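my_file_28.cif follows (mmCIF, C-alpha atoms and all ligand atoms):
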```cif
data_model
loop_
_atom_site.label_atom_id
_atom_site.label_comp_id
_atom_site.auth_asym_id
_atom_site.auth_seq_id
_atom_site.Cartn_x
_atom_site.Cartn_y
_atom_site.Cartn_z
CA MET A 1 -18.29 -20.59 -13.83
CA LYS A 2 -14.65 -21.61 -13.20
CA VAL A 3 -12.26 -18.89 -12.07
CA ALA A 4 -8.48 -18.91 -11.53
CA LEU A 5 -6.46 -16.29 -9.65
CA ILE A 6 -2.90 -15.12 -10.29
CA GLY A 7 -1.95 -13.40 -7.02
CA TYR A 8 -3.56 -14.48 -3.78
CA GLY A 9 -2.79 -11.67 -1.33
CA ASN A 10 -5.12 -9.20 0.39
CA VAL A 11 -7.42 -8.70 -2.59
CA GLY A 12 -7.36 -12.37 -3.67
CA ARG A 13 -8.47 -13.53 -0.22
CA ALA A 14 -11.17 -10.83 0.04
CA PHE A 15 -12.45 -11.91 -3.38
CA ALA A 16 -12.45 -15.60 -2.37
CA ARG A 17 -14.44 -14.71 0.79
CA LEU A 18 -16.99 -12.83 -1.31
CA VAL A 19 -17.35 -15.71 -3.81
CA GLU A 20 -17.90 -18.04 -0.83
CA LYS A 21 -20.49 -15.70 0.72
CA LYS A 22 -22.52 -15.35 -2.50
CA ARG A 23 -22.18 -18.97 -3.65
CA ALA A 24 -25.90 -19.83 -3.29
CA ALA A 25 -26.94 -17.09 -5.72
CA PHE A 26 -23.83 -17.09 -7.93
CA PRO A 27 -22.25 -20.53 -8.44
CA PHE A 28 -18.68 -19.40 -9.16
CA ARG A 29 -15.80 -21.78 -8.33
CA ILE A 30 -12.18 -20.82 -7.77
CA VAL A 31 -10.36 -23.74 -9.40
CA GLY A 32 -6.78 -22.48 -9.13
CA ALA A 33 -4.62 -19.90 -7.36
CA HIS A 34 -1.03 -19.10 -8.31
CA THR A 35 1.39 -16.94 -6.28
CA ALA A 36 5.03 -15.81 -6.43
CA ARG A 37 6.44 -17.46 -3.26
CA HIS A 38 3.62 -19.52 -1.76
CA GLY A 39 3.19 -21.95 -4.65
CA THR A 40 0.08 -22.97 -6.57
CA ALA A 41 -3.23 -24.57 -5.55
CA TYR A 42 -5.77 -26.40 -7.73
CA ASP A 43 -9.16 -27.96 -7.12
CA PRO A 44 -11.66 -28.43 -9.96
CA GLN A 45 -14.44 -28.63 -7.33
CA GLY A 46 -13.52 -25.25 -5.86
CA LEU A 47 -10.75 -24.18 -3.45
CA PRO A 48 -11.45 -23.17 0.15
CA VAL A 49 -10.67 -19.56 1.12
CA GLU A 50 -7.40 -20.72 2.71
CA PRO A 51 -6.12 -23.24 0.15
CA ALA A 52 -3.25 -25.64 0.77
CA PHE A 53 -0.64 -24.43 -1.72
CA GLY A 54 1.54 -27.05 -3.40
CA PRO A 55 4.60 -26.66 -5.63
CA ALA A 56 4.48 -23.65 -7.94
CA ALA A 57 3.36 -24.15 -11.53
CA PRO A 58 6.45 -23.71 -13.76
CA ASP A 59 4.86 -20.79 -15.62
CA ILE A 60 1.55 -19.07 -16.27
CA ASP A 61 0.78 -21.15 -19.33
CA ALA A 62 1.23 -24.37 -17.34
CA PHE A 63 -0.97 -22.92 -14.56
CA LEU A 64 -3.78 -22.06 -16.98
CA ALA A 65 -3.47 -25.41 -18.78
CA HIS A 66 -3.85 -27.28 -15.48
CA ALA A 67 -6.54 -25.08 -13.86
CA ARG A 68 -8.64 -24.74 -17.07
CA PRO A 69 -10.58 -21.66 -15.93
CA GLU A 70 -13.15 -19.74 -17.96
CA VAL A 71 -12.10 -16.49 -16.27
CA LEU A 72 -8.67 -15.38 -15.01
CA VAL A 73 -8.53 -12.81 -12.19
CA GLU A 74 -5.13 -11.06 -12.31
CA LEU A 75 -4.11 -9.74 -8.86
CA THR A 76 -0.36 -9.29 -8.86
CA PRO A 77 1.16 -6.03 -7.51
CA LEU A 78 1.35 -2.88 -9.64
CA ASN A 79 4.59 -2.40 -11.54
CA PRO A 80 4.55 1.38 -12.06
CA GLU A 81 7.28 1.34 -14.70
CA SER A 82 5.84 -1.07 -17.25
CA GLY A 83 2.71 -2.84 -15.99
CA GLN A 84 4.53 -6.21 -16.28
CA PRO A 85 4.31 -9.14 -15.64
CA ALA A 86 0.55 -8.61 -15.37
CA ILE A 87 0.29 -7.67 -19.07
CA ALA A 88 1.98 -10.96 -20.04
CA HIS A 89 -0.35 -12.91 -17.70
CA ILE A 90 -3.38 -11.31 -19.34
CA ARG A 91 -2.09 -12.06 -22.85
CA ALA A 92 -1.48 -15.71 -21.91
CA ALA A 93 -5.15 -15.95 -20.87
CA PHE A 94 -6.44 -14.27 -24.05
CA GLN A 95 -4.41 -16.71 -26.15
CA ARG A 96 -6.25 -19.57 -24.45
CA GLY A 97 -9.68 -17.95 -24.97
CA ILE A 98 -10.01 -17.09 -21.25
CA HIS A 99 -11.82 -13.91 -20.08
CA VAL A 100 -9.77 -11.62 -17.80
CA ILE A 101 -10.63 -9.41 -14.83
CA THR A 102 -7.98 -7.40 -13.01
CA ALA A 103 -7.67 -5.05 -10.03
CA ASN A 104 -4.16 -4.13 -11.18
CA LYS A 105 -4.10 -0.70 -12.84
CA GLY A 106 -0.74 -1.38 -14.54
CA PRO A 107 -2.16 -3.16 -17.59
CA ILE A 108 -4.77 -0.48 -18.30
CA ALA A 109 -2.38 2.39 -17.55
CA PHE A 110 0.29 0.99 -19.91
CA ALA A 111 -1.39 -1.16 -22.55
CA TYR A 112 -5.17 -0.76 -22.52
CA ALA A 113 -5.75 -0.17 -26.24
CA ALA A 114 -3.62 -3.14 -27.28
CA LEU A 115 -5.14 -5.46 -24.65
CA ALA A 116 -8.71 -4.44 -25.50
CA GLU A 117 -8.02 -5.15 -29.18
CA GLU A 118 -6.42 -8.54 -28.38
CA ALA A 119 -9.42 -9.46 -26.19
CA ARG A 120 -11.79 -8.53 -29.02
CA ARG A 121 -9.84 -10.65 -31.50
CA SER A 122 -9.80 -13.59 -29.06
CA GLY A 123 -13.57 -13.23 -28.47
CA VAL A 124 -13.16 -12.72 -24.72
CA GLU A 125 -13.96 -10.02 -22.17
CA PHE A 126 -11.35 -7.82 -20.45
CA ARG A 127 -12.65 -6.04 -17.30
CA HIS A 128 -10.99 -3.89 -14.63
CA GLU A 129 -13.60 -2.17 -12.46
CA ALA A 130 -11.60 -2.65 -9.23
CA ALA A 131 -8.40 -1.09 -10.58
CA THR A 132 -9.01 2.61 -10.02
CA MET A 133 -11.65 3.37 -7.37
CA ASP A 134 -11.77 0.20 -5.24
CA GLY A 135 -14.81 -1.22 -6.99
CA THR A 136 -16.94 1.91 -7.26
CA PRO A 137 -18.61 1.66 -10.67
CA VAL A 138 -16.81 3.92 -13.11
CA TYR A 139 -15.96 1.83 -16.16
CA ASN A 140 -19.14 -0.25 -15.92
CA MET A 141 -21.23 2.87 -15.24
CA VAL A 142 -20.02 4.43 -18.49
CA ARG A 143 -20.23 1.14 -20.41
CA ASN A 144 -23.66 0.07 -19.18
CA ASN A 145 -25.46 3.26 -18.22
CA LEU A 146 -24.14 5.98 -20.50
CA PRO A 147 -24.51 4.62 -24.05
CA GLY A 148 -23.55 7.16 -26.69
CA VAL A 149 -21.99 9.54 -24.17
CA ILE A 150 -18.54 10.96 -24.94
CA VAL A 151 -16.29 11.63 -21.93
CA ASN A 152 -14.41 14.86 -22.66
CA GLY A 153 -12.49 15.07 -19.41
CA PHE A 154 -12.45 14.33 -15.71
CA ALA A 155 -11.22 15.58 -12.38
CA GLY A 156 -10.60 13.25 -9.46
CA ALA A 157 -9.30 13.20 -5.91
CA LEU A 158 -8.15 9.60 -6.20
CA ASN A 159 -5.14 9.15 -3.92
CA SER A 160 -5.85 8.19 -0.29
CA THR A 161 -2.30 8.64 1.07
CA SER A 162 -2.08 12.28 -0.03
CA LYS A 163 -5.45 13.02 1.59
CA VAL A 164 -4.37 11.38 4.86
CA ILE A 165 -1.05 13.31 4.84
CA LEU A 166 -2.67 16.67 4.02
CA GLY A 167 -5.34 15.99 6.69
CA ALA A 168 -2.58 15.33 9.23
CA MET A 169 -0.70 18.50 8.18
CA SER A 170 -3.84 20.55 8.54
CA ARG A 171 -3.91 19.37 12.19
CA GLY A 172 -0.35 20.70 12.54
CA LEU A 173 1.47 17.36 12.10
CA THR A 174 4.54 16.90 9.87
CA LEU A 175 4.77 15.12 6.52
CA GLU A 176 6.52 12.18 8.26
CA GLN A 177 3.74 11.92 10.86
CA GLY A 178 1.20 12.00 8.00
CA ILE A 179 3.08 9.13 6.28
CA ASP A 180 2.98 7.14 9.56
CA GLU A 181 -0.76 7.71 9.78
CA ALA A 182 -1.26 6.52 6.17
CA ARG A 183 0.84 3.43 6.98
CA ARG A 184 -1.27 2.67 10.08
CA LEU A 185 -4.40 2.90 7.92
CA GLY A 186 -2.78 0.48 5.44
CA VAL A 187 -3.22 2.83 2.45
CA ALA A 188 0.36 3.98 1.73
CA GLU A 189 2.33 2.20 -0.98
CA ALA A 190 5.51 0.41 0.21
CA ASP A 191 7.33 3.57 -0.94
CA PRO A 192 5.04 6.45 0.16
CA TRP A 193 6.81 8.85 -2.27
CA PHE A 194 5.03 6.96 -5.03
CA ASP A 195 1.84 8.55 -3.66
CA ILE A 196 3.37 11.88 -2.54
CA ASP A 197 5.04 12.55 -5.91
CA GLY A 198 1.77 11.81 -7.71
CA TRP A 199 2.78 8.57 -9.47
CA ASP A 200 -0.23 6.64 -8.12
CA SER A 201 -2.52 9.46 -9.27
CA ALA A 202 -0.76 9.48 -12.67
CA CYS A 203 -1.32 5.72 -13.07
CA LYS A 204 -5.00 6.20 -12.21
CA ALA A 205 -5.33 9.16 -14.59
CA ALA A 206 -3.75 7.19 -17.44
CA ALA A 207 -5.96 4.15 -16.71
CA LEU A 208 -9.16 6.21 -16.66
CA ALA A 209 -8.24 8.23 -19.75
CA ASN A 210 -7.18 5.17 -21.73
CA VAL A 211 -10.47 3.39 -21.10
CA LEU A 212 -12.94 6.29 -21.02
CA MET A 213 -11.30 8.61 -23.58
CA ASP A 214 -9.18 6.28 -25.78
CA ALA A 215 -6.16 8.38 -24.74
CA ARG A 216 -3.42 5.80 -25.43
CA LEU A 217 -1.11 7.45 -22.86
CA THR A 218 1.16 6.04 -20.15
CA PRO A 219 1.73 7.36 -16.60
CA GLN A 220 5.05 8.82 -17.78
CA GLN A 221 3.12 11.12 -20.13
CA VAL A 222 1.11 12.68 -17.30
CA GLU A 223 2.25 16.20 -16.32
CA ARG A 224 2.88 15.64 -12.63
CA ARG A 225 3.58 17.69 -9.52
CA GLY A 226 2.85 16.06 -6.14
CA ILE A 227 2.35 17.32 -2.61
CA GLY A 228 6.04 17.04 -1.58
CA LYS A 229 6.53 20.80 -1.33
CA VAL A 230 3.49 21.44 0.89
CA THR A 231 4.45 22.19 4.50
CA PRO A 232 2.18 22.49 7.57
CA ASP A 233 2.93 26.26 7.68
CA LYS A 234 2.06 26.80 4.02
CA LEU A 235 -1.11 24.76 4.41
CA ALA A 236 -2.15 26.74 7.50
CA GLU A 237 -1.72 29.98 5.51
CA ILE A 238 -3.81 28.61 2.62
CA GLU A 239 -6.51 27.33 4.97
CA ALA A 240 -6.67 30.69 6.79
CA SER A 241 -7.92 32.18 3.49
CA GLY A 242 -10.76 29.64 3.18
CA LYS A 243 -8.90 27.39 0.74
CA THR A 244 -7.21 24.01 0.91
CA VAL A 245 -4.83 21.74 -1.05
CA VAL A 246 -5.96 18.62 -2.92
CA LEU A 247 -3.94 16.28 -5.16
CA VAL A 248 -6.11 16.27 -8.28
CA SER A 249 -5.89 14.09 -11.40
CA ARG A 250 -7.30 15.88 -14.44
CA ALA A 251 -7.91 14.91 -18.07
CA LYS A 252 -8.99 17.14 -20.94
CA ARG A 253 -9.70 16.34 -24.56
CA THR A 254 -7.94 18.93 -26.76
CA PRO A 255 -7.48 19.22 -30.55
CA GLY A 256 -3.94 17.87 -30.00
CA GLY A 257 -5.13 14.79 -28.07
CA VAL A 258 -5.95 14.00 -24.43
CA LYS A 259 -3.89 15.96 -21.88
CA LEU A 260 -3.36 14.51 -18.39
CA ARG A 261 -2.23 16.40 -15.32
CA VAL A 262 -1.70 15.54 -11.65
CA ARG A 263 -1.11 18.49 -9.38
CA ALA A 264 -1.44 19.62 -5.78
CA GLU A 265 -4.13 22.26 -6.41
CA VAL A 266 -5.25 25.10 -4.16
CA LEU A 267 -9.05 24.86 -4.14
CA ASP A 268 -11.86 26.61 -2.34
CA ARG A 269 -12.61 24.69 0.87
CA HIS A 270 -16.17 24.10 -0.44
CA ASP A 271 -15.05 22.73 -3.83
CA LEU A 272 -16.54 19.29 -4.48
CA LEU A 273 -13.03 17.84 -4.95
CA ALA A 274 -12.10 19.07 -1.46
CA SER A 275 -15.11 17.37 0.12
CA VAL A 276 -13.61 13.86 0.37
CA ARG A 277 -11.14 13.16 3.16
CA GLY A 278 -8.91 10.31 4.25
CA THR A 279 -9.37 7.16 2.21
CA SER A 280 -12.52 8.38 0.42
CA ASN A 281 -12.36 9.05 -3.32
CA LEU A 282 -14.27 11.22 -5.76
CA LEU A 283 -14.34 11.45 -9.56
CA ILE A 284 -16.25 13.94 -11.72
CA LEU A 285 -16.67 13.19 -15.42
CA GLU A 286 -17.17 15.90 -18.07
CA THR A 287 -19.50 14.52 -20.73
CA ASP A 288 -21.15 15.73 -23.93
CA LEU A 289 -24.68 14.59 -23.12
CA MET A 290 -24.85 14.35 -19.32
CA GLY A 291 -22.88 17.45 -18.36
CA GLN A 292 -20.82 16.80 -15.25
CA LEU A 293 -21.56 13.67 -13.29
CA GLY A 294 -19.58 11.81 -10.71
CA VAL A 295 -19.08 8.95 -8.31
CA PHE A 296 -17.60 8.79 -4.85
CA THR A 297 -16.83 6.16 -2.22
CA LEU A 298 -16.65 6.83 1.48
CA GLU A 299 -13.79 4.96 3.14
CA PRO A 300 -13.67 1.95 0.82
CA GLY A 301 -11.84 -1.18 1.91
CA LEU A 302 -10.89 -4.59 0.58
CA GLU A 303 -14.54 -5.71 0.48
CA GLN A 304 -15.31 -2.99 -2.03
CA THR A 305 -12.28 -3.89 -4.18
CA ALA A 306 -13.42 -7.53 -4.08
CA TYR A 307 -16.91 -6.42 -5.09
CA GLY A 308 -15.48 -4.58 -8.14
CA LEU A 309 -14.02 -7.92 -9.30
CA PHE A 310 -17.22 -9.75 -8.42
CA SER A 311 -19.39 -7.27 -10.37
CA ASP A 312 -17.18 -7.81 -13.43
CA LEU A 313 -17.50 -11.56 -13.02
CA VAL A 314 -21.31 -11.41 -12.79
CA ASP A 315 -21.38 -9.12 -15.84
CA ILE A 316 -19.26 -11.58 -17.85
CA ALA A 317 -21.36 -14.57 -16.72
CA ARG A 318 -24.54 -12.75 -17.81
CA SER A 319 -23.08 -11.85 -21.19
CA LEU A 320 -22.31 -15.47 -22.13
N1 LIG B 401 -5.20 -3.71 -1.53
C1 LIG B 401 -6.10 -2.89 -2.04
O1 LIG B 401 -6.90 -2.29 -1.31
C2 LIG B 401 -6.24 -2.73 -3.53
C3 LIG B 401 -7.27 -1.93 -4.04
C4 LIG B 401 -7.43 -1.82 -5.44
C5 LIG B 401 -6.53 -2.45 -6.28
N2 LIG B 401 -5.50 -3.21 -5.75
C6 LIG B 401 -4.57 -3.89 -6.66
O2 LIG B 401 -4.81 -5.28 -6.57
C7 LIG B 401 -3.59 -6.00 -6.81
C8 LIG B 401 -3.36 -6.98 -5.64
O3 LIG B 401 -3.24 -6.22 -4.44
P1 LIG B 401 -3.01 -6.96 -3.04
O4 LIG B 401 -3.22 -5.91 -2.01
O5 LIG B 401 -3.81 -8.23 -2.99
O6 LIG B 401 -1.45 -7.33 -3.16
P2 LIG B 401 -0.62 -8.37 -2.22
O7 LIG B 401 -1.35 -8.60 -0.94
O8 LIG B 401 0.77 -7.86 -2.21
O9 LIG B 401 -0.67 -9.75 -3.05
C9 LIG B 401 -0.01 -9.89 -4.27
C10 LIG B 401 -0.08 -11.34 -4.70
O10 LIG B 401 0.54 -11.44 -5.98
C11 LIG B 401 1.49 -12.54 -5.94
N3 LIG B 401 2.51 -12.28 -6.95
C12 LIG B 401 3.43 -11.29 -6.98
N4 LIG B 401 4.17 -11.37 -8.11
C13 LIG B 401 3.71 -12.44 -8.78
C14 LIG B 401 4.07 -13.07 -10.00
N5 LIG B 401 5.05 -12.60 -10.77
N6 LIG B 401 3.39 -14.19 -10.37
C15 LIG B 401 2.40 -14.70 -9.62
N7 LIG B 401 1.98 -14.14 -8.45
C16 LIG B 401 2.64 -13.03 -8.05
C17 LIG B 401 1.98 -12.57 -4.52
O11 LIG B 401 2.53 -13.84 -4.26
P3 LIG B 401 3.06 -14.25 -2.76
O12 LIG B 401 1.79 -14.43 -1.95
O13 LIG B 401 3.74 -15.53 -2.94
O14 LIG B 401 3.89 -13.10 -2.32
C18 LIG B 401 0.67 -12.30 -3.76
O15 LIG B 401 -0.08 -13.49 -3.63
C19 LIG B 401 -2.50 -4.95 -6.97
O16 LIG B 401 -2.26 -4.70 -8.32
C20 LIG B 401 -3.10 -3.71 -6.30
O17 LIG B 401 -2.57 -2.51 -6.82
C21 LIG B 401 -5.36 -3.36 -4.39
#
```
Transcribe the structure of this file into structure tokens.
Ligand SMILES: NC(=O)c1ccc[n+]([C@@H]2O[C@H](COP(=O)([O-])OP(=O)(O)OC[C@H]3O[C@@H](n4cnc5c(N)ncnc54)[C@H](OP(=O)(O)O)[C@@H]3O)[C@@H](O)[C@H]2O)c1
Amino acid sequence: MKVALIGYGNVGRAFARLVEKKRAAFPFRIVGAHTARHGTAYDPQGLPVEPAFGPAAPDIDAFLAHARPEVLVELTPLNPESGQPAIAHIRAAFQRGIHVITANKGPIAFAYAALAEEARRSGVEFRHEAATMDGTPVYNMVRNNLPGVIVNGFAGALNSTSKVILGAMSRGLTLEQGIDEARRLGVAEADPWFDIDGWDSACKAAALANVLMDARLTPQQVERRGIGKVTPDKLAEIEASGKTVVLVSRAKRTPGGVKLRVRAEVLDRHDLLASVRGTSNLLILETDLMGQLGVFTLEPGLEQTAYGLFSDLVDIARSL
């Protein structure tokens, strides 16, 4: 199966390494890679993990016309205001009858319902397992293993930076020292206030709710209060009473539609949502037929994100 990548940064390279590693069992070929500043690379026989980039394709349509992939993997950075230009890249692929996989939560946080409908009309697949929990099966778990189940809500501790900062504060360090620690671990966004103010969690909540609950909401419609007001002193006081603070993303189906909320919540220290630390993530779904069930990942990295993309690719290949 021929695959092209738009965006060839950390995740693109990790994905290319995984495709290379599993080539004997899964004969996928990366036939093109397009970037913003490094140019474009093509090889119908399959690119090496470190391709020699040539001049940039003039636009996405020209890139897709030249590379002729069966699947596009969209890996450009998140635009938290609109989800663009990733949404336009995905549409260009659909118009050419190309399946799409993305690790970018922008398109599903801002335009999932429209994109899913356009994919259906074009007769192609649109997958995004790696976008929210670094490849841990959430979307594919519901799609493949929970037929007939209705998701009525969820609660998740989904933002690594906030957990690293709160962990640092609970050791008596300042917010700034917590940010430095998150930067050293490579988990903080370029602007760490995007995580601290809850925007990352809001994007993830909107993405999950749009796919799992047909919410049709954007991150701007998430009620949001981050961890910016938590201080080491306040946290010490809370922890002395057996509780702790967690940045939680919640969704709830109500008669008036799906409601989304991100908030720094005071939880019992033994609450399940307080059990994941650092870069680990946890999500609990509320369902009609399976009660509460959840997934978690312990300290996921780029390999797990790459696997989320790979699992989508295998699923698409099997469905053809
Ligand atoms: N890193 C993670 O652990 C992780 C986990 C889950 C999901 N994600 C998501 O995966 C996506 C990729 O993340 P990353 O860490 O690989 O990012 P990255 O290292 O910053 O790489 C981004 C790539 O996109 C290219 N690019 C930027 N704007 C472009 C445009 N308009 N057209 C074409 N190419 C463009 C860049 O080109 P240049 O190389 O020329 O700059 C670069 O190759 C993001 O949406 C991120 O949120 C990342």
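Those residues that approach Glu265 of chain A to within 7 Å, counting all atoms listed in the file, are Val245, Val246, Leu247 and Val248 of chain A; same-chain residues fewer than 4 positions away are not listed.
Taking atom CA of Tyr139 of chain A and atom CA of Leu208 of chain A as the two end points, the separation is 8.1 Å.
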Residues of chain A that have any atom at most 7 Å from an atom of ligand LIG 401 (chain B): could you tabulate them with the shortest-distance atom pair and the distance in Å to one decimal, using only C-alpha atoms and all ligand atoms, ordered by chain and increasing number, as CSV?
```
residue,atom,partner,partner_atom,distance
A:Ile6,CA,B:LIG401,N7,5.3
A:Gly7,CA,B:LIG401,O10,3.3
A:Tyr8,CA,B:LIG401,O15,3.6
A:Gly9,CA,B:LIG401,O9,3.3
A:Asn10,CA,B:LIG401,O5,3.8
A:Val11,CA,B:LIG401,O5,3.7
A:Gly12,CA,B:LIG401,O5,5.5
A:His34,CA,B:LIG401,C15,5.7
A:Thr35,CA,B:LIG401,N7,3.6
A:Ala36,CA,B:LIG401,O13,3.7
A:Arg37,CA,B:LIG401,O13,3.3
A:His38,CA,B:LIG401,O13,4.2
A:Gly39,CA,B:LIG401,O13,6.7
A:Leu75,CA,B:LIG401,C7,4.3
A:Thr76,CA,B:LIG401,O10,3.7
A:Pro77,CA,B:LIG401,O16,3.8
A:Leu78,CA,B:LIG401,O16,4.3
A:Pro85,CA,B:LIG401,N5,6.0
A:Ala103,CA,B:LIG401,O2,4.5
A:Asn104,CA,B:LIG401,O16,3.5
A:Lys105,CA,B:LIG401,O16,6.3
A:Ala130,CA,B:LIG401,C4,5.7
A:Ala131,CA,B:LIG401,C5,4.9
A:Thr132,CA,B:LIG401,C4,6.6
A:Met133,CA,B:LIG401,C4,7.0
A:Asp134,CA,B:LIG401,C4,4.8
A:Gly301,CA,B:LIG401,O1,6.0
A:Leu302,CA,B:LIG401,O1,5.0
A:Thr305,CA,B:LIG401,C3,5.4
```
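Using only C-alpha atoms, the smallest distance between any of A:Ala65, A:Val258, A:Val164, A:Met169 and Thr231 of chain A comes from A:Met169.
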Residues around (-13.6, -19.5, -18.3), cut-off 12 Å, counting all atoms listed in the file - what are they as a VMD selection string? chain A and resid 1 to 5 28 to 32 64 to 65 67 to 73 93 to 94 96 to 101 123 to 125 313 316 to 317 320
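Among A:Ala240, A:Val314, A:Val295, A:Ala157, the residue with the shortest atom-to-atom distance to Arg263 of chain A, counting all atoms listed in the file, is A:Ala157.
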Polymer residues at most 10 Å from Val149 of chain A, all atoms listed in the file, same-chain spacing of 2 or more positions, as a list in words: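 Non-adjacent residues within range: Val142, Arg143, Asn145, Leu146, Pro147, Val151, Asn152, Thr287, Asp288, Leu289, Met290 and Gly291 of chain A.
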In the coordinates of the file, take the point (-15.7, -7.2, -13.2) and a cut-off of 7 Å; then, counting only C-alpha atoms, name each qualifying protein, DNA or RNA residue as JSON, numbers by chain. {"A": [101, 127, 128, 129, 308, 309, 310, 311, 312, 313, 315]}
Set the distance at 12 Å and use all atoms listed in the file: which residues neighbour Leu175 of chain A once local chain neighbours fewer than 5 positions away are removed? I'd like the list as a VMD selection string. chain A and resid 161 to 170 180 to 182 192 to 193 196 227 to 233 235
Atom CA of Ile150 of chain A and atom CA of Asp214 of chain A are how many Å apart?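 Between atom CA of Ile150 of chain A and atom CA of Asp214 of chain A the gap works out to 10.5 Å.
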Measure the distance from atom CA of Ala88 of chain A to atom CA of Leu158 of chain A in Å and round it to one decimal.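 Distance reported for this atom pair: 26.8 Å.
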All residues 7 Å or closer to Ser280 of chain A, only C-alpha atoms, same chain fewer than 6 positions away omitted, as a list in words: Ser160, Thr297, Leu298, Glu299 and Pro300 of chain A
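Proximity ranking of A:Leu267, A:Val211, A:Pro255, A:Leu260 relative to Ile238 of chain A places A:Leu267 first, based on all atoms listed in the file.
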Using all atoms listed in the file, can you tell me which of A:Gly226, A:Lys243, A:Glu74, A:Arg250 comes closest to Asp268 of chain A?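 Among the listed residues, A:Lys243 lies closest to Asp268 of chain A.
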Rank nothing, just name the residue among A:Ala33, A:Gly242, A:Leu293, A:Phe126 nearest to Arg269 of chain A, using only C-alpha atoms.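 Distance minimum relative to Arg269 of chain A lands on A:Gly242.
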Could you get me a file of segment 212-223 of chain A with N, CA and C atoms, as a tab-separated table (two decimals), in the first residue's frame, taken from the block above?
```tsv
chain	number	residue	atom	x	y	z
A	212	LEU	N	-16.90	10.40	19.40
A	212	LEU	CA	-17.56	9.34	20.18
A	212	LEU	C	-19.01	9.69	20.52
A	213	MET	N	-19.35	11.01	20.49
A	213	MET	CA	-20.69	11.40	20.94
A	213	MET	C	-21.41	12.27	19.91
A	214	ASP	N	-20.84	12.42	18.71
A	214	ASP	CA	-21.44	13.27	17.67
A	214	ASP	C	-21.78	14.67	18.22
A	215	ALA	N	-20.83	15.26	18.97
A	215	ALA	CA	-21.11	16.51	19.69
A	215	ALA	C	-21.16	17.74	18.78
A	216	ARG	N	-20.39	17.74	17.73
A	216	ARG	CA	-20.32	18.89	16.80
A	216	ARG	C	-19.96	20.19	17.52
A	217	LEU	N	-18.97	20.12	18.39
A	217	LEU	CA	-18.51	21.29	19.16
A	217	LEU	C	-17.06	21.61	18.79
A	218	THR	N	-16.63	22.83	19.09
A	218	THR	CA	-15.24	23.22	18.87
A	218	THR	C	-14.58	23.46	20.23
A	219	PRO	N	-13.24	23.55	20.29
A	219	PRO	CA	-12.57	23.80	21.57
A	219	PRO	C	-13.04	25.09	22.23
A	220	GLN	N	-13.46	26.08	21.43
A	220	GLN	CA	-13.93	27.35	21.99
A	220	GLN	C	-15.23	27.17	22.77
A	221	GLN	N	-15.94	26.09	22.51
A	221	GLN	CA	-17.23	25.86	23.20
A	221	GLN	C	-17.08	25.01	24.46
A	222	VAL	N	-15.82	24.73	24.83
A	222	VAL	CA	-15.57	23.96	26.06
A	222	VAL	C	-15.47	24.94	27.22
A	223	GLU	N	-16.24	24.71	28.29
A	223	GLU	CA	-16.11	25.53	29.51
A	223	GLU	C	-14.74	25.19	30.10
```
